[in-house]
$ cat data_21.txt   # compact mmCIF, C-alpha atoms
# COMPACT_ATOMS: atom_id res chain seq x y z
CA MET A 638 3.53 -18.10 -14.09
CA PRO A 639 2.04 -16.29 -11.06
CA ALA A 640 0.41 -12.95 -11.79
CA PHE A 641 1.44 -9.51 -10.57
CA PHE A 642 -0.91 -7.20 -8.67
CA VAL A 643 -1.92 -3.70 -9.76
CA GLU A 644 -4.04 -1.27 -7.79
CA PRO A 645 -7.18 -0.40 -9.82
CA GLY A 646 -6.25 3.28 -9.63
CA ASP A 647 -2.93 2.53 -11.34
CA VAL A 648 -4.67 1.41 -14.54
CA ASP A 649 -5.21 4.21 -17.05
CA GLY A 650 -6.54 3.45 -20.50
CA ASP A 651 -4.16 1.04 -22.20
CA ARG A 652 -1.39 1.47 -19.60
CA LEU A 653 -0.83 0.21 -16.06
CA VAL A 654 1.85 0.83 -13.45
CA LEU A 655 3.25 -1.67 -10.97
CA LEU A 656 4.73 0.01 -7.91
CA ASP A 657 7.04 -0.78 -4.99
CA GLU A 658 6.80 -4.46 -4.02
CA GLU A 659 5.28 -5.51 -7.34
CA ALA A 660 7.97 -3.62 -9.25
CA HIS A 661 10.53 -5.44 -7.13
CA HIS A 662 8.92 -8.77 -8.02
CA ILE A 663 9.24 -7.91 -11.72
CA ARG A 664 12.97 -7.48 -11.25
CA VAL A 665 13.32 -10.59 -9.08
CA ARG A 666 11.72 -12.67 -11.83
CA ARG A 667 14.16 -11.08 -14.27
CA CYS A 668 11.48 -9.72 -16.56
CA GLN A 669 12.78 -7.50 -19.33
CA GLU A 670 11.29 -4.68 -21.36
CA GLY A 671 9.12 -6.22 -24.04
CA ASP A 672 8.17 -9.25 -21.91
CA ALA A 673 4.49 -10.15 -21.56
CA VAL A 674 3.21 -10.49 -17.98
CA GLU A 675 -0.12 -11.35 -16.39
CA VAL A 676 -1.57 -8.82 -13.94
CA ILE A 677 -4.64 -8.80 -11.69
CA ASP A 678 -6.36 -5.95 -9.86
CA GLY A 679 -8.09 -8.10 -7.23
CA GLN A 680 -11.52 -6.72 -8.18
CA GLY A 681 -12.35 -8.81 -11.23
CA SER A 682 -9.97 -7.64 -13.93
CA GLY A 683 -7.03 -9.55 -15.31
CA TYR A 684 -4.62 -8.16 -17.87
CA LEU A 685 -2.08 -9.46 -20.31
CA ALA A 686 0.44 -6.63 -20.51
CA ARG A 687 3.79 -5.90 -22.17
CA VAL A 688 6.50 -4.31 -20.05
CA ILE A 689 7.55 -0.90 -21.37
CA SER A 690 9.97 0.37 -18.73
CA ILE A 691 11.52 -0.96 -15.52
CA ALA A 692 12.74 1.14 -12.59
CA PRO A 693 13.50 0.04 -8.99
CA LYS A 694 10.05 1.04 -7.67
CA ARG A 695 8.03 1.56 -10.84
CA VAL A 696 7.25 -0.62 -13.83
CA GLU A 697 5.09 0.59 -16.69
CA ALA A 698 3.31 -1.79 -19.04
CA GLU A 699 1.02 -1.60 -22.04
CA ILE A 700 -2.22 -3.56 -21.81
CA ILE A 701 -2.54 -6.12 -24.59
CA GLU A 702 -5.73 -7.78 -23.39
CA HIS A 703 -8.28 -7.05 -20.67
CA ARG A 704 -9.84 -10.23 -19.23
CA ARG A 705 -12.89 -9.56 -17.07
CA GLU A 706 -13.58 -12.05 -14.25
CA TRP A 707 -10.46 -13.93 -15.29
CA GLY A 708 -10.14 -17.21 -13.38
CA GLU A 709 -13.43 -16.73 -11.53
CA SER A 710 -16.30 -19.14 -10.95
CA PRO A 711 -19.79 -18.23 -12.18
CA VAL A 712 -20.91 -18.76 -8.57
CA SER A 713 -19.97 -16.56 -5.62
CA LEU A 714 -19.20 -18.77 -2.61
CA HIS A 715 -19.35 -17.21 0.86
CA LEU A 716 -17.49 -19.49 3.27
CA ALA A 717 -18.34 -19.07 6.96
CA ALA A 718 -15.87 -21.30 8.78
CA ALA A 719 -14.97 -21.77 12.43
CA VAL A 720 -11.38 -20.82 13.17
CA PRO A 721 -9.22 -23.73 14.42
CA LYS A 722 -6.40 -23.30 16.89
CA GLY A 723 -2.96 -22.02 15.97
CA ALA A 724 -2.25 -20.90 12.42
CA ARG A 725 -4.38 -23.55 10.75
CA PHE A 726 -6.86 -20.98 9.45
CA ASP A 727 -4.05 -19.70 7.21
CA PHE A 728 -4.57 -22.93 5.26
CA VAL A 729 -8.27 -22.11 4.84
CA ILE A 730 -7.42 -18.64 3.52
CA GLU A 731 -4.77 -19.82 1.06
CA LYS A 732 -6.49 -22.93 -0.28
CA GLY A 733 -9.96 -21.41 -0.14
CA THR A 734 -8.67 -18.64 -2.38
CA GLU A 735 -7.16 -21.17 -4.76
CA VAL A 736 -10.37 -23.19 -5.16
CA GLY A 737 -12.44 -20.05 -5.81
CA VAL A 738 -14.07 -18.82 -2.60
CA SER A 739 -15.29 -15.22 -2.90
CA VAL A 740 -15.84 -14.26 0.75
CA ILE A 741 -14.43 -15.81 3.93
CA LEU A 742 -16.08 -15.13 7.29
CA PRO A 743 -14.21 -16.46 10.35
CA LEU A 744 -16.76 -17.82 12.81
CA LEU A 745 -16.87 -17.54 16.59
CA THR A 746 -18.59 -20.72 17.78
CA GLU A 747 -19.36 -22.44 21.08
CA ARG A 748 -16.77 -25.13 20.44
CA GLY A 749 -14.29 -22.86 18.71
CA VAL A 750 -11.02 -21.62 20.14
CA ILE A 751 -10.56 -18.15 18.70
CA ARG A 752 -11.18 -15.01 20.74
CA PRO A 753 -12.57 -11.89 19.00
CA GLU A 754 -9.47 -9.82 19.80
CA ALA A 755 -7.16 -12.51 18.43
CA GLY A 756 -9.11 -12.70 15.21
CA GLY A 757 -8.84 -8.95 14.74
CA ARG A 758 -5.06 -9.11 15.00
CA ARG A 759 -4.94 -11.78 12.32
CA ALA A 760 -7.17 -10.01 9.78
CA GLU A 761 -4.37 -8.11 8.08
CA ARG A 762 -2.26 -11.25 7.77
CA TRP A 763 -5.19 -13.19 6.33
CA GLN A 764 -5.77 -10.52 3.68
CA ARG A 765 -2.10 -10.67 2.66
CA LEU A 766 -2.31 -14.45 2.36
CA ALA A 767 -5.43 -14.18 0.18
CA ARG A 768 -3.74 -11.67 -2.11
CA ALA A 769 -0.65 -13.84 -2.51
CA ALA A 770 -2.77 -16.93 -3.20
CA ALA A 771 -4.86 -15.10 -5.82
CA LYS A 772 -1.69 -14.02 -7.62
CA GLN A 773 -0.30 -17.54 -7.45
CA CYS A 774 -3.38 -19.27 -8.88
CA GLY A 775 -4.29 -16.61 -11.43
CA ARG A 776 -7.57 -15.27 -10.05
CA SER A 777 -8.68 -11.75 -10.88
CA ARG A 778 -10.53 -11.34 -7.58
CA ILE A 779 -9.04 -11.45 -4.10
CA PRO A 780 -11.50 -12.87 -1.58
CA SER A 781 -12.89 -10.53 1.02
CA ILE A 782 -11.86 -11.59 4.53
CA GLY A 783 -14.34 -10.51 7.20
CA GLU A 784 -13.80 -9.87 10.88
CA PRO A 785 -14.64 -12.81 13.17
CA VAL A 786 -18.39 -12.92 13.81
CA THR A 787 -20.85 -15.12 15.65
CA LEU A 788 -22.73 -17.80 13.80
CA ALA A 789 -26.01 -15.91 14.14
CA ALA A 790 -24.48 -12.68 12.82
CA ALA A 791 -22.96 -14.52 9.86
CA ALA A 792 -26.29 -16.14 8.99
CA ASP A 793 -28.10 -12.79 9.23
CA GLU A 794 -25.49 -11.21 6.94
CA LEU A 795 -25.42 -13.97 4.34
CA ALA A 796 -29.11 -14.90 4.09
CA PRO A 797 -30.14 -11.86 2.01
CA GLN A 798 -27.01 -12.09 -0.16
CA CYS A 799 -27.17 -15.77 -1.13
CA ASP A 800 -29.58 -17.95 -3.08
CA ALA A 801 -28.82 -20.92 -0.84
CA MET A 802 -27.26 -21.53 2.58
CA LEU A 803 -25.64 -24.91 3.18
CA VAL A 804 -24.26 -26.55 6.29
CA SER A 805 -22.22 -29.73 6.28
CA GLY A 806 -22.81 -32.79 8.40
CA VAL A 807 -21.63 -36.38 8.31
CA THR A 808 -24.98 -38.04 8.96
CA ASP A 809 -27.61 -35.29 8.76
CA GLY A 810 -28.99 -34.11 5.44
CA LEU A 811 -29.14 -35.18 1.80
CA PRO A 812 -26.21 -35.85 -0.51
CA LEU A 813 -24.89 -32.63 -2.03
CA PRO A 814 -26.13 -33.33 -5.60
CA GLU A 815 -29.69 -33.62 -4.27
CA VAL A 816 -29.44 -30.47 -2.16
CA MET A 817 -28.10 -28.61 -5.21
CA ALA A 818 -30.74 -29.98 -7.61
CA PRO A 819 -31.41 -27.67 -10.59
CA GLY A 820 -33.98 -25.00 -9.96
CA ALA A 821 -34.10 -21.32 -10.78
CA GLY A 822 -30.31 -21.14 -10.91
CA ILE A 823 -27.78 -20.04 -8.34
CA GLY A 824 -25.62 -16.95 -8.29
CA ALA A 825 -24.35 -17.02 -4.69
CA VAL A 826 -24.06 -19.73 -2.03
CA ALA A 827 -23.22 -19.59 1.68
CA LEU A 828 -21.39 -22.57 3.19
CA PHE A 829 -21.13 -23.02 6.97
CA VAL A 830 -18.36 -25.27 8.31
CA GLY A 831 -18.06 -25.89 12.03
CA PRO A 832 -15.12 -26.39 14.39
CA GLU A 833 -13.57 -29.66 15.56
CA GLY A 834 -16.51 -31.67 16.86
CA GLY A 835 -18.98 -29.69 14.74
CA PHE A 836 -21.55 -27.08 15.69
CA ASP A 837 -23.26 -27.65 19.01
CA PRO A 838 -26.95 -28.71 18.87
CA ALA A 839 -28.27 -25.21 19.53
CA GLU A 840 -26.13 -23.71 16.75
CA TRP A 841 -27.17 -26.47 14.35
CA ALA A 842 -30.85 -25.91 15.14
CA ASP A 843 -30.45 -22.15 14.73
CA LEU A 844 -28.89 -22.55 11.28
CA LEU A 845 -31.69 -24.83 10.14
CA ALA A 846 -34.27 -22.40 11.51
CA ARG A 847 -32.67 -19.65 9.44
CA GLY A 848 -33.06 -21.68 6.26
CA ALA A 849 -29.71 -23.48 5.96
CA ARG A 850 -29.88 -26.80 4.10
CA PRO A 851 -27.88 -29.66 5.65
CA PHE A 852 -25.95 -31.99 3.35
CA THR A 853 -23.72 -35.02 3.68
CA TRP A 854 -20.60 -35.62 1.66
CA GLY A 855 -19.00 -38.87 2.86
CA GLU A 856 -18.16 -41.24 5.68
CA ARG A 857 -14.92 -39.69 6.91
CA THR A 858 -14.41 -36.99 9.52
CA LEU A 859 -12.09 -34.24 8.34
CA ARG A 860 -10.17 -31.68 10.33
CA ALA A 861 -11.95 -28.35 10.35
CA GLU A 862 -9.54 -26.61 7.98
CA THR A 863 -9.53 -29.54 5.56
CA ALA A 864 -13.32 -29.69 5.55
CA ALA A 865 -13.58 -25.96 4.80
CA VAL A 866 -11.44 -26.30 1.67
CA VAL A 867 -12.70 -29.66 0.40
CA LEU A 868 -16.37 -28.79 0.89
CA SER A 869 -15.86 -25.38 -0.74
CA ALA A 870 -14.51 -27.09 -3.85
CA LEU A 871 -17.38 -29.59 -3.89
CA VAL A 872 -20.05 -26.92 -3.43
CA LEU A 873 -18.54 -24.68 -6.11
CA GLU A 874 -18.45 -27.56 -8.56
CA ALA A 875 -22.06 -28.54 -7.83
CA ALA A 876 -23.35 -24.97 -7.87
CA SER A 877 -21.47 -24.05 -11.05
CA ARG A 878 -23.38 -26.73 -12.94
CA ILE A 879 -26.64 -24.90 -12.27
CA ALA A 880 -25.32 -21.34 -12.09
CA ARG A 881 -27.26 -18.43 -13.44
CA PRO A 882 -26.10 -17.34 -16.91
CA THR A 883 -23.60 -14.50 -16.79
CA ASN A 884 -22.50 -11.89 -19.28
CA GLN A 885 -18.82 -11.86 -18.49
CA GLU A 886 -16.60 -10.27 -21.09
CA ALA A 887 -13.50 -12.02 -22.29
$ encode --input "data_21.txt" --output "structure tokens"
Amino acid sequence: MPAFFVEPGDVDGDRLVLLDEEAHHIRVRRCQEGDAVEVIDGQGSGYLARVISIAPKRVEAEIIEHRREWGESPVSLHLAAAVPKGARFDFVIEKGTEVGVSVILPLLTERGVIRPEAGGRRAERWQRLARAAAKQCGRSRIPSIGEPVTLAAAADELAPQCDAMLVSGVTDGLPLPEVMAPGAGIGAVALFVGPEGGFDPAEWADLLARGARPFTWGERTLRAETAAVVLSALVLEAASRIARPTNQEA
């Protein structure tokens, strides 16, 4: 069953409160007092809680179990993806959230179609989509959705945060398992995915100069939004196998 969302400030000790829209969702799903529900705070905490009281705009529940980093990968994936035309980036937001992406940066590229002002207008919608997808798939963290940025700005932002930066290509680079060969362990990865037609030569060269590792994944050419989701899943799987040990609490 999809989870409900609680603001972190509405958790107090062994109690939590679901307000307004989330309280409405409790009623729509016909939950009753005494029912157990799953709740996330979007910042790494998941809860199993028992409903105590139900009102039109307020539901109180008792926390039965606190699950830290519930549904999260041991690797933090920062996806920097060019925004395709129309509403197709909505797919990247929704499915990227479902597969486990931690941060999504919309990219402004030479071959892209998005304008900075258009991206700004979409930011609020993208964040709502990410929240809904996190609830649906049972993640305790809602991905952060950045404002549209240039490729160079994204690389400058992600380089100091990530242990590896990867960029996908059909013919250039090593197979992903070789690029992700075990080493000191990985805690965070940046993945760059270009627009239809790929990054232009200058952008590709700039990424490589900044330390990005190119990799190949197969023979087929995917649409930009499909590539962003599929490659995110592949990179998370490969990186998780060599992830740094964590001390997450159950």
$ atom_distance --input "data_21.txt" --atom1 "CA of Val826 in chain A" --atom2 "CA of Val866 in chain A"
14.7 Å
$ closest_residue --input "data_21.txt" --among "A:Ala769, A:Val720, A:Met802, A:Ala660" --to "Ile691 in chain A" --atoms "all atoms listed in the file"
A:Ala660
$ residues_around --input "data_21.txt" --residues "range 651-659 of chain A" --least-positions-apart "3" --cutoff "6 Å" --atoms "all atoms listed in the file" --output "PyMOL selection string"
chain A and resi 643+647-648+662+694-700
$ closest_residue --input "data_21.txt" --among "A:Ala792, A:Leu803, A:Ala686, A:Ile730" --to "Arg759 in chain A" --atoms "only C-alpha atoms"
A:Ile730
$ residues_around --input "data_21.txt" --residues "Ala796 in chain A" --least-positions-apart "4" --cutoff "10 Å" --atoms "all atoms listed in the file" --output "ChimeraX atom specification"
/A:791-792,800-802,826-827,847-849
$ write_last_selection --input "data_21.txt" --atoms "C-alpha atoms" --output "PDB file, in the coordinates of the input"
ATOM      1  CA  ALA A 791     -22.960 -14.520   9.860  1.00  0.00           C
ATOM      2  CA  ALA A 792     -26.290 -16.140   8.990  1.00  0.00           C
ATOM      3  CA  ASP A 800     -29.580 -17.950  -3.080  1.00  0.00           C
ATOM      4  CA  ALA A 801     -28.820 -20.920  -0.840  1.00  0.00           C
ATOM      5  CA  MET A 802     -27.260 -21.530   2.580  1.00  0.00           C
ATOM      6  CA  VAL A 826     -24.060 -19.730  -2.030  1.00  0.00           C
ATOM      7  CA  ALA A 827     -23.220 -19.590   1.680  1.00  0.00           C
ATOM      8  CA  ARG A 847     -32.670 -19.650   9.440  1.00  0.00           C
ATOM      9  CA  GLY A 848     -33.060 -21.680   6.260  1.00  0.00           C
ATOM     10  CA  ALA A 849     -29.710 -23.480   5.960  1.00  0.00           C
TER      11      ALA A 849
END
$ closest_residue --input "data_21.txt" --among "A:Gly824, A:Gly810, A:Pro639, A:Gly650" --to "Ile701 in chain A" --atoms "all atoms listed in the file"
A:Gly650
$ atom_distance --input "data_21.txt" --atom1 "CA of Gly775 in chain A" --atom2 "CA of Glu794 in chain A"
28.6 Å
$ atom_distance --input "data_21.txt" --atom1 "CA of Leu873 in chain A" --atom2 "CA of Ala718 in chain A"
15.5 Å
$ closest_residue --input "data_21.txt" --among "A:Glu856, A:Asp793, A:Glu709, A:Asp672" --to "Val736 in chain A" --atoms "all atoms listed in the file"
A:Glu709
$ closest_residue --input "data_21.txt" --among "A:Trp707, A:Trp763, A:Phe728, A:Phe829" --to "Ser781 in chain A" --atoms "all atoms listed in the file"
A:Trp763
$ closest_residue --input "data_21.txt" --among "A:Ala760, A:Leu871, A:Leu813, A:Ala770" --to "Pro785 in chain A" --atoms "only C-alpha atoms"
A:Ala760
$ residues_near_point --input "data_21.txt" --point "(-10.7, -11.9, -5.9)" --cutoff "7 Å" --atoms "all atoms listed in the file" --output "list in words"
Gly679, Gln680, Gly681, Ser739, Ala771, Arg776, Ser777, Arg778, Ile779 and Pro780 of chain A
$ residues_near_point --input "data_21.txt" --point "(13.7, -8.8, -16.4)" --cutoff "12 Å" --atoms "only C-alpha atoms" --output "mmCIF file with C-alpha atoms, in the frame of the given file"
data_model
loop_
_atom_site.group_PDB
_atom_site.id
_atom_site.type_symbol
_atom_site.label_atom_id
_atom_site.label_comp_id
_atom_site.auth_asym_id
_atom_site.auth_seq_id
_atom_site.Cartn_x
_atom_site.Cartn_y
_atom_site.Cartn_z
ATOM 1 C CA ALA A 660 7.970 -3.620 -9.250
ATOM 2 C CA HIS A 661 10.530 -5.440 -7.130
ATOM 3 C CA HIS A 662 8.920 -8.770 -8.020
ATOM 4 C CA ILE A 663 9.240 -7.910 -11.720
ATOM 5 C CA ARG A 664 12.970 -7.480 -11.250
ATOM 6 C CA VAL A 665 13.320 -10.590 -9.080
ATOM 7 C CA ARG A 666 11.720 -12.670 -11.830
ATOM 8 C CA ARG A 667 14.160 -11.080 -14.270
ATOM 9 C CA CYS A 668 11.480 -9.720 -16.560
ATOM 10 C CA GLN A 669 12.780 -7.500 -19.330
ATOM 11 C CA GLU A 670 11.290 -4.680 -21.360
ATOM 12 C CA GLY A 671 9.120 -6.220 -24.040
ATOM 13 C CA ASP A 672 8.170 -9.250 -21.910
ATOM 14 C CA ALA A 673 4.490 -10.150 -21.560
ATOM 15 C CA VAL A 674 3.210 -10.490 -17.980
ATOM 16 C CA ARG A 687 3.790 -5.900 -22.170
ATOM 17 C CA VAL A 688 6.500 -4.310 -20.050
ATOM 18 C CA ILE A 689 7.550 -0.900 -21.370
ATOM 19 C CA SER A 690 9.970 0.370 -18.730
ATOM 20 C CA ILE A 691 11.520 -0.960 -15.520
ATOM 21 C CA ALA A 692 12.740 1.140 -12.590
ATOM 22 C CA PRO A 693 13.500 0.040 -8.990
ATOM 23 C CA VAL A 696 7.250 -0.620 -13.830
#
$ axis_aligned_box --input "data_21.txt" --around "range 728-731 of chain A" --padding-each-side "3 Å" --output "JSON"
{"center_x": -6.4, "center_y": -20.8, "center_z": 3.2, "size_x": 9.7, "size_y": 10.3, "size_z": 10.2}
$ residues_around --input "data_21.txt" --residues "Gly835 in chain A" --least-positions-apart "3" --cutoff "9 Å" --atoms "only C-alpha atoms" --output "PyMOL selection string"
chain A and resi 748+806+830-832+841+861
